[in-house]
Every structure is written in C-alpha cells, then in structure tokens.
Amino acid sequence: MAAALALFFKLTPLYVTVVLGWLAGRYLQVSGRHIAGMMLYVVTPSIVFSGVMAAPLSTEIILLPFLVFGFCCFLGITHQALARRWIGDSSAALMPLCVGSPNGGYFGVPVALLLFGEEGLAIYIVCVLGTSLYESSVGFYLAARGRYSVSDALKRVARLPSVYAFALAVMLNLSGVDIPLVFEPLFDNLRGTYSILGMMIIGMSISSFRGLAGDLRFTALAFFGKFVSWPLLASAFWWLDATHMGIYSDAVHKAIFLISITPIAANTVIIATMLDTSVKQAAGTVLLSTVVALITIPLMVALAF
C-alpha cells in the first residue's frame, strides 16, 4: 500500500498538466489542432527514433514492438466489431484507438521511469513503440475509414512518419551508428515535450466539454476494452511465457503489463481532432480514463509487482 500511495503522488504532476492545458484552451483560446499535427508528424517520430536508437537490440527485443502491435490489433479490431453492433454511429470508428492504444508514452514513460529506472525504461520504450506503430498504421486507418474512403485512408497512413522513423532507427542501430552527442540534448528535450504537450492537449480538447457529451455505451465499451481486456491479455501472456515459453525476462512482462493498465492514449484525441471525428466523445472518454487510472494504476502495480 505504501508503494501505491507513493506512485499516486508521483502521478499528480501529470494531472496538473492536463489542468494547465484546459486553462490554456478555455481562457487563452489555444487551439489543440495545430499542436496535434506537430505531435503526430514531428515529436512522436522523434521519440520513436531516439527510443530505438538507445535500445540494446537483439532478435527478441526487435520483435517486442511487433508483439505489442499484434496485441493492439487484436483488441482494437475485435472491440470495433462490438462497437459497430452496439453503438452503430460514426464514433465506432474511434473504438480501435480507444481500446488498442494505451497512453504508454505521455502517461506511461514517467511511470516506467519511476518503477523501472533508466535501464528498465529502455525496454519499456521498445514495447511502447508497438503502440506507436499501431496508432500510426492500423489504428489510424480504422479511424480514418469512418470518414474517408479506403484509398484516402491508406494515403493518410502512408504520410505518417513514425513507421519510417522506426525502420530507419533499427537499420542505424544494427549498423552500429549512434546519435551524435551534440543532438542528445535535443532528443532529451523532445521527450519532455512529448509528455507535457501530450497531456496538455487533453485539457485543450475538453476546454468546451460539458458532461459526458456522448454515448454512455461508447465509454462503457472503451473502458471494458482498456481496463479489462487489455490487462487480461497482458496477464495471460505473462503467465504463458513465464511458465511455458521462457522467451522474455520478468522486466519485459512487467513493461507490457504496465502498458496494459495505462489510460486511453491521448493520441486518440489528437487523431480524432485531425479527422474531425467525434472529438468531444474522444476527449471525454480519454479524460475519464485518465482520472480512473489515477486510482487503478497504483493499485494494479502494487498487486502485480
């Protein structure tokens, strides 16, 4: 319980950042739309690139993002099928992002640093790359299909740079190329920007938010997928690998489990803003999941770790 309380207090700066974003949007009329584009096309690819470049790559480690990517795809696609039947409106297009995309970056990186230290953080970031790849490919495509044709959605996915940043970093890392020392402060600053702007954009998006502003069924299904289905899948993999396969270490199991219990990704709001699809519904659901995670993450970490 002491560990849970300590983690609870460590998370409070993240919520202060959300409030600051809300104040900026409410009283300074700051637009989250332009920041969303910068985050998606500039900051996120930079974080993906620097994370892969810093990781000790082996076959098992290289496959980690694709393992997490597969988990995201499975959860996103299955829950979208449920959303189409249960909800039936355009907001169902955002369900794969709400369920499949944890806030492993903006929210999870500070928590991972607290729990695992610098060494464990590198493994965690490699795992989180799987969620970034999902958001930038399958998740974005499924969300865009709610508004665009197949060809238009695929063109928008092809313009997202995170996938290319990942591939380039893997090639450079395996070739023994390092990030020049002169650029390391730049990437350190970008990591801070990633967390701060990512949380602030949630506050900006809800500056005109009143109540749930949407379908309770959407929020209920998103919460079930994110806070029940994801942890169950991560726990099942932890048990299966630890008892039968023996491929990954306990550090990897804990990293994937932490990803599974983080709230819905702030990038859901960013993508919804860019696509102009059910933005208030997305913002409200992300906000509520973030509030819930303030309580659930310390408890789940205390129980599992």
# chains A, B, ... in the order shown; residues from 1 in each chain; ligands from 1
$ select_by_dssp --residues "stretch 116-283 of chain A" --states "alpha helix (DSSP H)" --output "PyMOL selection string"
chain A and resi 116-134+140-144+150-158+162-174+184-205+216-224+230-240+250-261+267-275+279-283
$ residues_around --residues "A:Thr290" --least-positions-apart "6" --cutoff "10 Å" --atoms "only C-alpha atoms" --output "JSON, numbers by chain"
{"A": [14, 15, 18, 103, 107, 199, 202, 262, 263, 264, 265, 266, 284, 296]}
$ write_last_selection --atoms "C-alpha atoms" --output "mmCIF file, in the first residue's frame"
data_model
loop_
_atom_site.group_PDB
_atom_site.id
_atom_site.type_symbol
_atom_site.label_atom_id
_atom_site.label_comp_id
_atom_site.auth_asym_id
_atom_site.auth_seq_id
_atom_site.Cartn_x
_atom_site.Cartn_y
_atom_site.Cartn_z
ATOM 1 C CA LEU A 14 0.518 14.676 -14.999
ATOM 2 C CA TYR A 15 -2.953 15.762 -13.922
ATOM 3 C CA VAL A 18 -3.999 18.392 -18.019
ATOM 4 C CA ASN A 103 -1.220 6.034 -23.208
ATOM 5 C CA PHE A 107 1.463 8.853 -19.360
ATOM 6 C CA MET A 199 -1.176 15.669 -21.555
ATOM 7 C CA ILE A 202 -6.231 16.515 -23.496
ATOM 8 C CA THR A 262 -2.311 2.895 -18.621
ATOM 9 C CA PRO A 263 -5.321 5.009 -19.663
ATOM 10 C CA ILE A 264 -6.583 5.511 -23.200
ATOM 11 C CA ALA A 265 -3.966 7.214 -25.367
ATOM 12 C CA ALA A 266 -4.034 10.986 -25.695
ATOM 13 C CA GLY A 284 -14.382 12.942 -22.652
ATOM 14 C CA THR A 296 -6.205 1.938 -10.717
#
$ residues_around --residues "A:Leu168" --least-positions-apart "2" --cutoff "12 Å" --atoms "only C-alpha atoms" --output "number ranges by chain"
A: 45-46, 48-53, 161-166, 170-175, 177
$ closest_residue --among "A:Ile179, A:Leu133, A:Thr59, A:Phe224" --to "A:Thr285" --atoms "only C-alpha atoms"
A:Phe224
$ closest_atom_pairs --of "stretch 208-274 of chain A" --to "stretch 111-131 of chain A" --cutoff "8 Å" --atoms "only C-alpha atoms" --output "Markdown table"
| residue | atom | partner | partner_atom | distance |
| --- | --- | --- | --- | --- |
| A:Ala251 | CA | A:Gly120 | CA | 6.8 |
| A:Val252 | CA | A:Ile123 | CA | 6.8 |
| A:Ala255 | CA | A:Tyr124 | CA | 5.2 |
| A:Ile256 | CA | A:Cys127 | CA | 6.8 |
| A:Leu258 | CA | A:Ala112 | CA | 7.7 |
| A:Ile259 | CA | A:Val128 | CA | 7.3 |
$ write_last_selection --atoms "all heavy atoms" --output "PDB file, in the first residue's frame"
ATOM      1  N   ALA A 251      11.347  -8.370 -16.643  1.00  0.00           N
ATOM      2  CA  ALA A 251      11.287  -6.941 -16.950  1.00  0.00           C
ATOM      3  C   ALA A 251      10.383  -6.673 -18.147  1.00  0.00           C
ATOM      4  O   ALA A 251       9.644  -5.678 -18.165  1.00  0.00           O
ATOM      5  CB  ALA A 251      12.696  -6.403 -17.220  1.00  0.00           C
ATOM      6  N   VAL A 252      10.427  -7.545 -19.127  1.00  0.00           N
ATOM      7  CA  VAL A 252       9.564  -7.395 -20.306  1.00  0.00           C
ATOM      8  C   VAL A 252       8.108  -7.633 -19.932  1.00  0.00           C
ATOM      9  O   VAL A 252       7.217  -6.891 -20.354  1.00  0.00           O
ATOM     10  CB  VAL A 252       9.995  -8.370 -21.423  1.00  0.00           C
ATOM     11  CG1 VAL A 252       8.976  -8.381 -22.557  1.00  0.00           C
ATOM     12  CG2 VAL A 252      11.372  -7.994 -21.950  1.00  0.00           C
ATOM     13  N   ALA A 255       6.841  -4.614 -18.193  1.00  0.00           N
ATOM     14  CA  ALA A 255       6.686  -3.484 -19.112  1.00  0.00           C
ATOM     15  C   ALA A 255       5.392  -3.601 -19.901  1.00  0.00           C
ATOM     16  O   ALA A 255       4.644  -2.620 -20.033  1.00  0.00           O
ATOM     17  CB  ALA A 255       7.880  -3.420 -20.065  1.00  0.00           C
ATOM     18  N   ILE A 256       5.099  -4.792 -20.416  1.00  0.00           N
ATOM     19  CA  ILE A 256       3.861  -4.985 -21.177  1.00  0.00           C
ATOM     20  C   ILE A 256       2.649  -4.840 -20.273  1.00  0.00           C
ATOM     21  O   ILE A 256       1.628  -4.260 -20.667  1.00  0.00           O
ATOM     22  CB  ILE A 256       3.868  -6.358 -21.876  1.00  0.00           C
ATOM     23  CG1 ILE A 256       4.977  -6.399 -22.932  1.00  0.00           C
ATOM     24  CG2 ILE A 256       2.505  -6.651 -22.519  1.00  0.00           C
ATOM     25  CD1 ILE A 256       5.125  -7.737 -23.632  1.00  0.00           C
ATOM     26  N   LEU A 258       2.455  -2.945 -17.610  1.00  0.00           N
ATOM     27  CA  LEU A 258       2.266  -1.521 -17.344  1.00  0.00           C
ATOM     28  C   LEU A 258       1.573  -0.840 -18.518  1.00  0.00           C
ATOM     29  O   LEU A 258       0.680  -0.007 -18.324  1.00  0.00           O
ATOM     30  CB  LEU A 258       3.610  -0.851 -17.065  1.00  0.00           C
ATOM     31  CG  LEU A 258       3.572   0.665 -16.850  1.00  0.00           C
ATOM     32  CD1 LEU A 258       2.664   1.035 -15.672  1.00  0.00           C
ATOM     33  CD2 LEU A 258       4.974   1.226 -16.617  1.00  0.00           C
ATOM     34  N   ILE A 259       1.954  -1.190 -19.734  1.00  0.00           N
ATOM     35  CA  ILE A 259       1.274  -0.644 -20.918  1.00  0.00           C
ATOM     36  C   ILE A 259      -0.216  -0.954 -20.861  1.00  0.00           C
ATOM     37  O   ILE A 259      -1.056  -0.112 -21.196  1.00  0.00           O
ATOM     38  CB  ILE A 259       1.901  -1.212 -22.204  1.00  0.00           C
ATOM     39  CG1 ILE A 259       3.304  -0.644 -22.408  1.00  0.00           C
ATOM     40  CG2 ILE A 259       1.034  -0.902 -23.426  1.00  0.00           C
ATOM     41  CD1 ILE A 259       4.066  -1.280 -23.563  1.00  0.00           C
TER      42      ILE A 259
END
$ atom_distance --atom1 "atom CA of A:Ser137" --atom2 "atom CA of A:Ser235"
25.3 Å
$ residues_around --residues "A:Arg191" --least-positions-apart "5" --cutoff "9 Å" --atoms "only C-alpha atoms" --output "NGL selection string"
:A and (43-44 or 46-47 or 106 or 186 or 196)
$ closest_residue --among "A:Ile261, A:Trp239, A:Ala282, A:Gly176" --to "A:Leu216" --atoms "only C-alpha atoms"
A:Ala282
$ closest_residue --among "A:Ser151, A:Ser101, A:Ser289, A:Asn189" --to "A:Val138" --atoms "only C-alpha atoms"
A:Ser101
$ closest_atom_pairs --of "stretch 2-105 of chain A" --to "stretch 225-232 of chain A" --cutoff "8 Å" --atoms "only C-alpha atoms" --output "CSV"
residue,atom,partner,partner_atom,distance
A:Leu75,CA,A:Gly225,CA,7.3
A:His79,CA,A:Gly225,CA,6.9
A:Cys98,CA,A:Lys226,CA,7.3
A:Val99,CA,A:Lys226,CA,5.0
A:Gly100,CA,A:Lys226,CA,7.4
A:Pro102,CA,A:Lys226,CA,7.5
$ residues_around --residues "A:Ile87" --least-positions-apart "2" --cutoff "12 Å" --atoms "only C-alpha atoms" --output "list in words"
His79, Gln80, Ala81, Leu82, Ala83, Arg84, Arg85, Asp89, Ser90, Ser91, Ala92, Ala93, Leu94, Met95, Gly214, Asp215, Leu216, Arg217, Phe218, Thr219, Ala220, Leu221 and Ala222 of chain A
$ closest_residue --among "A:Leu190, A:Val30, A:Leu7, A:Leu57" --to "A:Val42" --atoms "only C-alpha atoms"
A:Leu190
$ atom_distance --atom1 "atom CA of A:Leu5" --atom2 "atom CA of A:Leu303"
12.8 Å
$ residues_around --residues "A:Phe8" --least-positions-apart "3" --cutoff "8 Å" --atoms "only C-alpha atoms" --output "PDB file with C-alpha atoms, in the first residue's frame"
ATOM      1  CA  ALA A   4       0.731   2.514  -4.235  1.00  0.00           C
ATOM      2  CA  LEU A   5       0.486   5.784  -2.312  1.00  0.00           C
ATOM      3  CA  LEU A  11       1.368  10.865 -10.886  1.00  0.00           C
ATOM      4  CA  THR A  12      -0.186  14.120  -9.731  1.00  0.00           C
ATOM      5  CA  LEU A 294      -5.007   7.765 -11.170  1.00  0.00           C
ATOM      6  CA  ILE A 295      -6.551   5.222  -8.805  1.00  0.00           C
ATOM      7  CA  PRO A 298      -1.112   2.362  -8.185  1.00  0.00           C
TER       8      PRO A 298
END
$ atom_distance --atom1 "atom CA of A:Val19" --atom2 "atom CA of A:Gly192"
17.3 Å
